[in-house]
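K.L.:
File follows, target.txt with compact mmCIF, C-alpha atoms:
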```
# COMPACT_ATOMS: atom_id res chain seq x y z
CA MET A 1 5.58 1.35 -33.33
CA SER A 2 4.01 3.79 -35.80
CA ASP A 3 3.83 7.45 -34.83
CA TYR A 4 0.88 8.04 -37.18
CA ILE A 5 -2.08 9.66 -35.45
CA SER A 6 -5.51 8.77 -36.81
CA HIS A 7 -7.87 10.43 -34.31
CA ASP A 8 -6.71 13.36 -32.28
CA HIS A 9 -9.86 14.43 -30.46
CA GLU A 10 -8.04 16.23 -27.70
CA ARG A 11 -5.55 17.87 -30.09
CA ASP A 12 -2.81 16.70 -27.84
CA GLY A 13 -0.89 14.74 -30.42
CA ILE A 14 -2.02 11.37 -29.15
CA ASP A 15 -4.82 9.15 -30.40
CA ARG A 16 -6.50 6.13 -28.86
CA ARG A 17 -4.48 3.68 -30.92
CA GLY A 18 -1.28 5.37 -29.90
CA PHE A 19 -2.37 5.13 -26.30
CA LEU A 20 -3.09 1.42 -26.56
CA GLN A 21 0.26 0.80 -28.18
CA CYS A 22 1.94 2.68 -25.40
CA MET A 23 0.16 0.56 -22.80
CA ALA A 24 2.76 -2.10 -23.52
CA TRP A 25 5.39 0.27 -22.17
CA ALA A 26 3.87 0.63 -18.72
CA GLY A 27 6.52 0.99 -16.07
CA THR A 28 9.34 1.82 -18.41
CA GLY A 29 9.10 5.60 -18.27
CA LEU A 30 5.92 7.06 -19.69
CA LEU A 31 3.95 10.22 -19.85
CA TRP A 32 0.36 9.55 -18.87
CA THR A 33 -2.09 12.32 -19.60
CA VAL A 34 -5.64 12.34 -18.37
CA SER A 35 -7.75 14.33 -20.78
CA GLY A 36 -11.52 14.33 -20.75
CA GLY A 37 -11.46 11.07 -18.85
CA VAL A 38 -9.28 9.37 -21.42
CA LEU A 39 -5.83 8.24 -20.45
CA VAL A 40 -3.20 8.81 -23.10
CA SER A 41 0.49 8.23 -23.07
CA LYS A 42 3.84 8.60 -24.78
CA THR A 43 7.18 7.09 -23.94
CA LEU A 44 9.65 9.48 -22.40
CA ALA A 45 11.87 8.91 -25.40
CA GLN A 46 9.08 10.09 -27.71
CA ILE A 47 8.55 13.19 -25.61
CA ALA A 48 12.22 14.01 -25.60
CA LYS A 49 12.18 13.73 -29.40
CA ALA A 50 9.01 15.69 -30.00
CA GLY A 51 9.61 18.14 -27.20
CA ASP A 52 6.04 19.37 -27.30
CA SER A 53 3.92 17.13 -25.14
CA LEU A 54 5.20 17.80 -21.67
CA PRO A 55 3.32 20.65 -20.04
CA THR A 56 5.67 23.56 -20.56
CA ALA A 57 4.27 25.88 -17.92
CA THR A 58 2.73 23.71 -15.26
CA ASP A 59 1.01 25.27 -12.30
CA LEU A 60 1.66 22.31 -10.12
CA SER A 61 3.91 19.30 -10.22
CA PHE A 62 4.37 16.77 -7.48
CA LEU A 63 5.92 13.35 -7.06
CA GLN A 64 4.57 10.12 -5.69
CA ILE A 65 6.95 7.73 -3.96
CA SER A 66 5.76 4.53 -2.37
CA ASP A 67 6.59 1.37 -0.49
CA SER A 68 10.11 2.18 0.65
CA HIS A 69 9.96 -0.70 3.21
CA ILE A 70 12.96 0.57 5.19
CA GLY A 71 14.21 -2.36 7.28
CA PHE A 72 13.59 -5.04 4.63
CA SER A 73 16.83 -6.91 3.93
CA LYS A 74 15.84 -10.14 2.20
CA GLU A 75 16.98 -11.45 -1.14
CA ALA A 76 14.56 -9.40 -3.23
CA ASN A 77 16.57 -6.29 -2.23
CA LYS A 78 19.20 -6.40 0.48
CA ASP A 79 19.65 -2.62 0.50
CA VAL A 80 16.31 -0.85 0.32
CA THR A 81 17.83 2.25 1.95
CA GLU A 82 20.17 2.59 -1.01
CA THR A 83 17.41 2.29 -3.63
CA PHE A 84 15.34 4.82 -1.66
CA LYS A 85 18.35 7.18 -1.79
CA ILE A 86 18.59 6.67 -5.55
CA ALA A 87 14.92 7.61 -5.91
CA LEU A 88 15.57 10.81 -3.97
CA ASP A 89 18.62 11.54 -6.14
CA ARG A 90 16.33 11.29 -9.18
CA ILE A 91 13.96 13.79 -7.61
CA ASN A 92 16.82 16.15 -6.79
CA ALA A 93 18.02 15.94 -10.39
CA LEU A 94 14.72 17.06 -11.91
CA PRO A 95 15.04 20.31 -13.87
CA THR A 96 11.87 21.66 -12.26
CA PRO A 97 11.67 20.67 -8.59
CA PRO A 98 8.29 19.22 -7.61
CA SER A 99 6.16 21.29 -5.25
CA PHE A 100 5.88 18.40 -2.82
CA LEU A 101 6.05 14.63 -2.45
CA ILE A 102 3.31 12.18 -1.65
CA HIS A 103 4.33 8.93 0.04
CA THR A 104 1.65 6.31 -0.40
CA GLY A 105 2.65 4.12 2.52
CA ASP A 106 4.82 1.25 3.71
CA ILE A 107 7.51 3.66 4.75
CA THR A 108 8.94 0.83 6.87
CA GLN A 109 8.95 -2.95 6.84
CA LEU A 110 8.06 -3.58 10.50
CA SER A 111 6.91 -0.22 11.98
CA LYS A 112 10.07 -0.06 14.10
CA PRO A 113 11.14 3.35 15.45
CA GLU A 114 14.66 2.82 14.08
CA GLU A 115 13.23 2.12 10.62
CA PHE A 116 11.25 5.36 10.71
CA ASP A 117 14.46 7.08 11.94
CA THR A 118 16.44 5.79 8.96
CA PHE A 119 13.73 6.90 6.55
CA ASP A 120 13.64 10.40 8.07
CA GLN A 121 17.42 10.65 8.01
CA VAL A 122 17.68 9.65 4.33
CA LEU A 123 14.78 11.90 3.37
CA LYS A 124 16.79 14.90 4.58
CA SER A 125 18.84 14.63 1.39
CA CYS A 126 15.74 15.45 -0.66
CA ARG A 127 15.57 19.06 -1.80
CA THR A 128 11.80 18.94 -1.81
CA LYS A 129 10.84 19.37 1.82
CA ASP A 130 7.05 19.08 1.86
CA VAL A 131 5.88 15.46 2.07
CA PHE A 132 2.32 14.22 2.53
CA TYR A 133 1.81 10.70 3.82
CA VAL A 134 -0.76 7.96 4.08
CA PRO A 135 0.09 4.80 6.04
CA GLY A 136 0.63 1.32 4.66
CA GLU A 137 -0.15 -1.78 6.71
CA HIS A 138 3.58 -2.11 7.44
CA ASP A 139 3.57 1.26 9.20
CA VAL A 140 0.83 0.44 11.70
CA LEU A 141 1.74 -3.13 12.68
CA ASN A 142 1.75 -3.11 16.47
CA ASP A 143 0.34 0.18 17.71
CA GLY A 144 -2.62 0.92 15.43
CA GLY A 145 -0.56 3.63 13.72
CA LYS A 146 0.23 5.87 16.70
CA LEU A 147 3.94 6.17 15.95
CA TYR A 148 3.18 6.88 12.29
CA ARG A 149 0.63 9.57 13.15
CA ASP A 150 2.94 11.23 15.69
CA ARG A 151 5.65 11.58 13.06
CA TYR A 152 4.03 12.15 9.71
CA LEU A 153 0.86 14.17 10.17
CA LYS A 154 2.34 17.28 11.74
CA SER A 155 1.72 19.53 8.75
CA VAL A 156 -1.90 18.52 8.14
CA GLU A 157 -5.17 18.66 10.03
CA ALA A 158 -5.73 14.94 10.27
CA LYS A 159 -8.98 13.39 11.43
CA GLY A 160 -9.77 9.95 12.86
CA SER A 161 -6.99 7.46 12.24
CA GLY A 162 -5.14 9.94 10.02
CA TRP A 163 -7.14 11.04 6.98
CA TYR A 164 -7.04 14.63 5.73
CA SER A 165 -7.35 16.94 2.76
CA PHE A 166 -5.57 20.01 1.43
CA ASN A 167 -5.66 22.33 -1.55
CA LYS A 168 -2.80 23.17 -3.88
CA ASN A 169 -3.16 25.41 -6.92
CA GLY A 170 -6.83 24.68 -7.37
CA VAL A 171 -6.41 20.92 -7.00
CA HIS A 172 -8.11 19.26 -4.02
CA PHE A 173 -6.04 16.46 -2.44
CA ILE A 174 -7.53 13.80 -0.18
CA GLY A 175 -5.33 11.38 1.80
CA LEU A 176 -7.22 8.28 2.98
CA VAL A 177 -6.37 5.49 5.42
CA ASN A 178 -7.41 1.97 4.37
CA VAL A 179 -5.01 -0.24 6.35
CA LEU A 180 -6.52 -0.17 9.85
CA ASP A 181 -9.16 -2.27 11.63
CA LEU A 182 -9.15 -4.80 8.81
CA GLN A 183 -11.75 -7.56 9.13
CA ALA A 184 -11.05 -11.30 8.91
CA GLY A 185 -11.45 -12.51 5.35
CA GLY A 186 -11.70 -8.96 4.02
CA LEU A 187 -9.72 -6.40 2.04
CA GLY A 188 -8.49 -2.89 2.72
CA GLN A 189 -11.11 -0.80 4.48
CA LEU A 190 -11.98 2.87 4.88
CA GLY A 191 -14.77 2.47 7.45
CA ASP A 192 -17.95 4.43 8.12
CA GLU A 193 -16.40 7.32 10.01
CA GLN A 194 -13.93 8.11 7.25
CA LEU A 195 -16.56 7.70 4.52
CA GLU A 196 -18.93 10.07 6.30
CA TRP A 197 -16.11 12.58 6.60
CA LEU A 198 -15.34 12.21 2.87
CA GLU A 199 -18.95 12.78 1.88
CA ALA A 200 -19.13 16.01 3.90
CA GLU A 201 -15.64 17.01 2.86
CA VAL A 202 -16.33 17.18 -0.89
CA LYS A 203 -19.89 18.46 -0.63
CA GLY A 204 -18.99 22.13 -1.00
CA LEU A 205 -16.57 21.67 -3.89
CA GLY A 206 -17.46 22.65 -7.45
CA SER A 207 -17.65 19.71 -9.85
CA SER A 208 -14.87 21.20 -11.97
CA THR A 209 -12.39 21.02 -9.09
CA PRO A 210 -9.70 18.46 -9.99
CA ILE A 211 -9.51 15.83 -7.26
CA VAL A 212 -6.50 13.73 -6.35
CA VAL A 213 -7.17 10.90 -3.91
CA PHE A 214 -4.25 8.96 -2.45
CA ALA A 215 -4.26 5.88 -0.25
CA HIS A 216 -2.03 2.86 0.23
CA ILE A 217 -4.12 -0.12 -0.88
CA PRO A 218 -5.71 0.29 -4.34
CA LEU A 219 -9.20 1.78 -4.25
CA TRP A 220 -10.27 -0.57 -7.02
CA ALA A 221 -10.42 -4.35 -7.17
CA VAL A 222 -6.99 -5.07 -8.66
CA TYR A 223 -6.88 -8.67 -7.42
CA PRO A 224 -9.06 -9.41 -4.38
CA GLN A 225 -7.67 -12.96 -4.14
CA TRP A 226 -4.44 -11.35 -2.92
CA GLY A 227 -6.24 -8.72 -0.89
CA TRP A 228 -5.46 -6.07 -3.50
CA GLY A 229 -8.56 -3.96 -3.18
CA THR A 230 -10.63 -1.97 -0.68
CA SER A 231 -13.98 -3.38 0.41
CA ASP A 232 -15.84 -0.06 0.70
CA SER A 233 -14.05 1.94 -2.01
CA GLU A 234 -17.19 1.99 -4.18
CA ARG A 235 -18.92 4.16 -1.62
CA ALA A 236 -15.99 6.58 -1.58
CA LEU A 237 -15.96 6.78 -5.36
CA GLY A 238 -19.71 7.38 -5.35
CA TYR A 239 -19.11 10.68 -3.53
CA LEU A 240 -16.61 11.66 -6.23
CA LYS A 241 -18.70 10.70 -9.24
CA ARG A 242 -19.86 14.22 -10.11
CA PHE A 243 -16.32 15.58 -10.44
CA GLY A 244 -14.89 16.02 -13.91
CA SER A 245 -11.39 14.88 -13.04
CA VAL A 246 -10.49 12.41 -10.32
CA THR A 247 -7.01 10.90 -10.11
CA VAL A 248 -6.54 8.04 -7.64
CA LEU A 249 -2.94 7.28 -6.65
CA ASN A 250 -2.17 4.07 -4.76
CA GLY A 251 0.83 1.93 -3.79
CA HIS A 252 0.87 -1.48 -2.08
CA ILE A 253 1.23 -3.69 -5.18
CA HIS A 254 4.74 -2.57 -6.19
CA GLN A 255 4.02 -2.26 -9.89
CA VAL A 256 2.40 0.17 -12.31
CA LEU A 257 -1.22 -0.57 -13.14
CA GLN A 258 -3.88 1.81 -14.32
CA LYS A 259 -7.54 1.83 -15.12
CA VAL A 260 -9.97 4.48 -16.31
CA GLU A 261 -13.60 4.45 -15.20
CA GLY A 262 -15.63 7.46 -16.30
CA ASN A 263 -13.75 10.51 -15.12
CA VAL A 264 -11.72 8.54 -12.61
CA THR A 265 -8.19 7.44 -13.39
CA PHE A 266 -6.68 4.85 -11.06
CA HIS A 267 -2.93 4.53 -10.92
CA THR A 268 -0.59 2.41 -8.79
CA ALA A 269 3.09 3.27 -8.37
CA MET A 270 6.23 1.19 -8.30
CA SER A 271 8.00 0.60 -5.00
CA THR A 272 11.45 1.98 -4.23
CA ALA A 273 12.28 -1.32 -2.47
CA PHE A 274 11.30 -4.48 -4.37
CA PRO A 275 8.83 -5.59 -7.05
CA GLN A 276 5.84 -7.84 -6.49
CA PRO A 277 4.45 -10.33 -8.98
CA VAL A 278 1.82 -9.58 -11.58
CA PRO A 279 -1.56 -10.67 -10.11
CA GLY A 280 -2.04 -14.42 -10.24
CA THR A 281 1.43 -15.25 -11.59
CA ALA A 282 2.89 -16.51 -8.30
CA PRO A 283 1.68 -18.59 -5.34
CA SER A 284 1.52 -15.43 -3.22
CA PRO A 285 2.08 -11.67 -3.50
CA GLY A 286 5.36 -11.81 -1.52
CA PRO A 287 8.52 -9.94 -2.60
CA MET A 288 9.60 -10.93 -6.11
CA LYS A 289 13.21 -11.90 -6.66
CA VAL A 290 14.64 -10.68 -9.95
CA PRO A 291 18.23 -10.72 -11.26
CA ALA A 292 20.27 -7.94 -9.63
CA GLU A 293 20.78 -6.14 -12.94
CA LYS A 294 17.03 -6.05 -13.49
CA LEU A 295 15.98 -4.80 -10.05
CA ARG A 296 16.24 -1.07 -10.61
CA SER A 297 14.17 -1.28 -13.78
CA MET A 298 11.31 -2.54 -11.58
CA LEU A 299 11.60 0.17 -8.93
CA GLY A 300 10.60 3.75 -9.49
CA LEU A 301 8.57 6.84 -8.80
CA THR A 302 5.68 8.73 -10.32
CA SER A 303 5.51 12.36 -11.34
CA VAL A 304 2.21 14.23 -11.67
CA GLN A 305 1.75 17.61 -13.34
CA TYR A 306 -1.28 19.84 -13.53
CA LYS A 307 -1.99 22.94 -15.59
CA GLN A 308 -4.72 25.17 -14.23
CA GLY A 309 -7.77 25.48 -16.46
CA LYS A 310 -7.23 22.04 -17.99
CA THR A 311 -8.76 18.83 -16.77
CA ALA A 312 -5.60 16.96 -17.63
CA LEU A 313 -3.22 15.70 -15.02
CA ALA A 314 -0.09 14.22 -16.57
CA VAL A 315 1.18 11.17 -14.73
CA VAL A 316 4.71 9.97 -15.55
CA ASP A 317 6.24 6.76 -14.22
CA SER A 318 9.98 6.38 -14.35
CA ASN A 319 12.16 3.57 -13.08
CA LEU A 320 15.49 3.72 -11.26
CA SER A 321 17.64 1.98 -13.88
CA MET B 1 -13.37 -14.56 28.32
CA CYS B 2 -9.85 -15.69 27.63
CA ALA B 3 -10.34 -19.24 26.56
CA ILE B 4 -6.86 -19.71 25.20
CA SER B 5 -3.95 -18.23 27.06
CA PHE B 6 -0.87 -16.71 25.57
CA LEU B 7 2.78 -17.69 25.81
CA ASN B 8 5.61 -15.63 24.42
CA LEU B 9 9.08 -15.96 25.98
CA SER B 10 7.56 -16.32 29.44
CA ILE B 11 4.26 -17.85 30.33
CA VAL B 12 1.54 -15.26 30.62
CA THR B 13 -1.72 -16.39 32.11
CA LEU B 14 -4.82 -14.65 30.99
CA GLY B 15 -7.67 -16.95 31.92
CA SER B 16 -8.47 -17.53 35.56
CA GLU B 17 -8.60 -21.28 34.98
CA MET B 18 -5.21 -21.34 33.27
CA LYS B 19 -2.64 -23.65 34.85
CA GLU B 20 1.06 -23.20 34.18
CA THR B 21 2.17 -26.18 32.16
CA ASP B 22 5.56 -27.79 31.88
CA ILE B 23 6.77 -26.96 28.36
CA THR B 24 8.84 -30.13 27.98
CA SER B 25 5.98 -32.49 28.73
CA THR B 26 3.45 -30.74 26.48
CA LYS B 27 2.83 -31.75 22.87
CA GLN B 28 3.83 -29.06 20.35
CA ASN B 29 1.40 -28.29 17.57
CA LYS B 30 2.99 -26.29 14.74
CA ILE B 31 1.24 -24.07 12.27
CA GLU B 32 3.42 -22.84 9.43
CA ILE B 33 2.70 -19.49 7.82
CA LYS B 34 3.78 -19.80 4.21
CA ASP B 35 2.74 -18.15 0.95
CA PHE B 36 0.22 -15.99 2.83
CA ALA B 37 -1.62 -18.98 4.30
CA PHE B 38 -1.83 -20.88 7.60
CA ASP B 39 -0.86 -24.54 7.27
CA PRO B 40 -2.73 -26.51 8.44
CA GLN B 41 -5.66 -24.17 8.08
CA THR B 42 -7.60 -26.11 10.72
CA LEU B 43 -5.77 -27.64 13.66
CA THR B 44 -7.36 -29.82 16.33
CA VAL B 45 -5.64 -29.95 19.73
CA LYS B 46 -6.37 -31.15 23.23
CA SER B 47 -6.94 -28.66 26.00
CA GLY B 48 -3.64 -27.88 27.71
CA GLU B 49 -1.53 -28.41 24.59
CA LYS B 50 0.58 -25.67 23.09
CA ILE B 51 0.14 -24.27 19.60
CA THR B 52 3.03 -22.54 17.87
CA TRP B 53 2.86 -20.48 14.67
CA ILE B 54 6.06 -19.91 12.72
CA ASN B 55 6.31 -17.40 9.90
CA ARG B 56 8.15 -18.78 6.85
CA ASP B 57 7.29 -15.81 4.59
CA GLU B 58 9.43 -12.75 3.91
CA GLU B 59 6.39 -10.70 4.81
CA PRO B 60 5.33 -9.99 8.41
CA HIS B 61 2.15 -11.70 9.60
CA THR B 62 0.07 -11.65 12.75
CA VAL B 63 -2.19 -14.11 14.54
CA VAL B 64 -5.37 -12.44 15.80
CA SER B 65 -8.46 -14.11 17.25
CA VAL B 66 -11.56 -12.99 15.34
CA GLU B 67 -13.59 -12.91 18.55
CA LYS B 68 -10.66 -11.59 20.61
CA GLN B 69 -10.62 -14.87 22.56
CA PHE B 70 -6.85 -14.93 22.96
CA LYS B 71 -4.17 -12.29 23.03
CA LYS B 72 -2.98 -11.32 19.57
CA SER B 73 0.60 -11.77 18.44
CA THR B 74 2.85 -8.90 17.56
CA ALA B 75 3.94 -8.77 13.91
CA LEU B 76 6.04 -11.88 13.25
CA ASP B 77 9.02 -11.37 10.99
CA THR B 78 10.58 -14.23 9.03
CA ASP B 79 11.15 -17.32 11.22
CA GLN B 80 9.64 -15.71 14.31
CA GLU B 81 7.26 -17.77 16.41
CA PHE B 82 4.19 -17.19 18.51
CA THR B 83 2.88 -19.71 21.03
CA ILE B 84 -0.34 -20.04 22.96
CA THR B 85 -1.69 -22.76 25.23
CA ALA B 86 -5.08 -24.18 24.38
CA ASP B 87 -7.50 -23.85 27.26
CA ALA B 88 -11.29 -24.18 27.12
CA PRO B 89 -12.70 -26.57 24.49
CA GLY B 90 -14.28 -24.90 21.50
CA THR B 91 -13.64 -23.58 18.00
CA TYR B 92 -11.50 -20.50 17.58
CA THR B 93 -11.12 -18.64 14.30
CA TYR B 94 -8.20 -16.33 13.75
CA PHE B 95 -6.69 -14.24 10.97
CA CYS B 96 -3.69 -12.15 9.99
CA SER B 97 -4.58 -8.52 10.68
CA VAL B 98 -2.01 -7.40 8.08
CA HIS B 99 -3.42 -9.64 5.36
CA PRO B 100 -6.98 -10.33 6.47
CA LYS B 101 -7.60 -12.78 3.62
CA MET B 102 -5.48 -15.20 5.67
CA THR B 103 -7.71 -17.07 8.11
CA GLY B 104 -7.40 -20.23 10.18
CA THR B 105 -9.24 -22.29 12.81
CA ILE B 106 -8.21 -23.98 16.04
CA VAL B 107 -10.45 -26.68 17.46
CA VAL B 108 -9.77 -27.40 21.15
CA GLU B 109 -11.04 -30.74 22.47
CA LYS B 110 -11.26 -31.90 26.08
```
Reformat the file's structure so that it appears as structure tokens.

P.N.:
Amino acid sequence: MSDYISHDHERDGIDRRGFLQCMAWAGTGLLWTVSGGVLVSKTLAQIAKAGDSLPTATDLSFLQISDSHIGFSKEANKDVTETFKIALDRINALPTPPSFLIHTGDITQLSKPEEFDTFDQVLKSCRTKDVFYVPGEHDVLNDGGKLYRDRYLKSVEAKGSGWYSFNKNGVHFIGLVNVLDLQAGGLGQLGDEQLEWLEAEVKGLGSSTPIVVFAHIPLWAVYPQWGWGTSDSERALGYLKRFGSVTVLNGHIHQVLQKVEGNVTFHTAMSTAFPQPVPGTAPSPGPMKVPAEKLRSMLGLTSVQYKQGKTALAVVDSNLS
Amino acid sequence: MCAISFLNLSIVTLGSEMKETDITSTKQNKIEIKDFAFDPQTLTVKSGEKITWINRDEEPHTVVSVEKQFKKSTALDTDQEFTITADAPGTYTYFCSVHPKMTGTIVVEK
């Protein structure tokens, strides 16, 4: 890959061609930078070499973990608790500790109290104590999410079935629930009540406020045939259209995918438990079995950094290998 | 109206017209849940017969009546079953509330 830069509009050392070349490296440890609505990237190896592209004095950095599926013990990963621990070890080893974690759902495999217990117990080893959650469909299986809400929404002012917002360092975060009251034949769903709340919620915000939206199921049509999308996400995104920087973080599909649409960057994270197939490459989206030595390269976490006064949020995916 | 009644470990009667049936003498109709689909997708049974779903996926699934005409299953893990007894004749659509793209139909004949 050539390091030659032909067009450096953002003066960030990365051009469009460089970005496209780096697309091939998705999921292998990348710096993703959102700048003026354009997603740019460098491999972590390149950054380490150049030493100049990582935000040096970030105002805010946080980590996204997703799909830990505690309780799963099938062939695709017989010890998901162990790989979750490894992810936390990686977080603990970061030179600059993140301000907080975001967990984008599927904490457990079967919503069992003992699975939630194991997750909570293992999480204690994490030095970063603040964690913000949204539920996955696996967390709300038999009780409409009551157990989940009782445990994981204590530090936020949640509304309805568990949606909420908070501010950190000038960034406005919105946690949405799209795994409840799903309709036969449909996709993920936010529902009228939550959408009305969202519309009112962002009304008073200045358009230059950076927005981070997080939810379990992708808020864009990744692959509706497998249910990988949210039926009323367009309406939600309509309320966010006027904002200069919107970053959407999702889980659910156990692989890194991203898309840029106007000022909105969509990003899905790897799981800490098991990979799922690339859309359309398998009969179903069930857990993907890979050789043991390859598994950790397909699990991972996502780091996000924000520097006040810039529209850019840097999104870095790194695997557990 | 509970047109189809629910059986899980013990017989639970939901409809007032439901009669307890002898399990051994009743025909078993199986629906396999595999690769995020119900197989067969449409099953025709006689009133009084049992219908059993078995989950062959590594992913949990549920069986939920679209019109809430029979009690929904809990989340079925791999190889777990859920059984109901067909009652009033009619067509019943159902889906997996975890993966709502998955839908199926039960036709109950007299």

K.L.:
Work out how far CA of Pro275 (chain A) is from CA of Asp39 (chain B), in Å to one decimal.

P.N.:
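CA of Pro275 (chain A) lies 25.7 Å from CA of Asp39 (chain B).
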
K.L.:
Rounded to one decimal place, report the CA of Glu137 (chain A)-CA of Ile217 (chain A) distance in Å.

P.N.:
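Result for CA of Glu137 (chain A) versus CA of Ile217 (chain A): 8.7 Å, one decimal.
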
K.L.:
Could you check the closest approach to chain B for each of A:Ala215, A:Leu205, A:Met288, A:Ala158 and tell me which residue wins, using all atoms listed in the file?

P.N.:
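Nearest to chain B: A:Met288.
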
K.L.:
Which residues come within 7 Å of Tyr133 (chain A), counting all atoms listed in the file, excluding same-chain residues fewer than 2 positions away, as a list in words?

P.N.:
Ile102, His103, Thr104, Gly105, Val131, Pro135 and Tyr152 of chain A

K.L.:
Would you kindly report the residues of chain A within 7 Å of chain B, using all atoms listed in the file, as a list in words?

P.N.:
Glu137, Leu141, Asn142, Leu182, Gln183, Ala184, Gly185, Gly186, Leu187, Gly227, Pro283, Ser284 and Gly286 of chain A

K.L.:
If you keep C-alpha atoms, can you produce a file of those selected residues as a short mmCIF file (atom, residue, chain, number, x, y, z; two decimals), keeping the file's coordinate frame?

P.N.:
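Result saved to part_12.cif:
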```
data_model
loop_
_atom_site.label_atom_id
_atom_site.label_comp_id
_atom_site.auth_asym_id
_atom_site.auth_seq_id
_atom_site.Cartn_x
_atom_site.Cartn_y
_atom_site.Cartn_z
CA GLU A 137 -0.15 -1.78 6.71
CA LEU A 141 1.74 -3.13 12.68
CA ASN A 142 1.75 -3.11 16.47
CA LEU A 182 -9.15 -4.80 8.81
CA GLN A 183 -11.75 -7.56 9.13
CA ALA A 184 -11.05 -11.30 8.91
CA GLY A 185 -11.45 -12.51 5.35
CA GLY A 186 -11.70 -8.96 4.02
CA LEU A 187 -9.72 -6.40 2.04
CA GLY A 227 -6.24 -8.72 -0.89
CA PRO A 283 1.68 -18.59 -5.34
CA SER A 284 1.52 -15.43 -3.22
CA GLY A 286 5.36 -11.81 -1.52
#
```

K.L.:
Once 3 Å is added on each side, what are the centre and the three edge lengths, in Å to one decimal, of the axis-aligned box enclosing the listed atoms of region 30-48 of chain B? Present them as JSON.

P.N.:
```
{"center_x": -1.9, "center_y": -23.6, "center_z": 14.3, "size_x": 17.4, "size_y": 21.2, "size_z": 32.8}
```
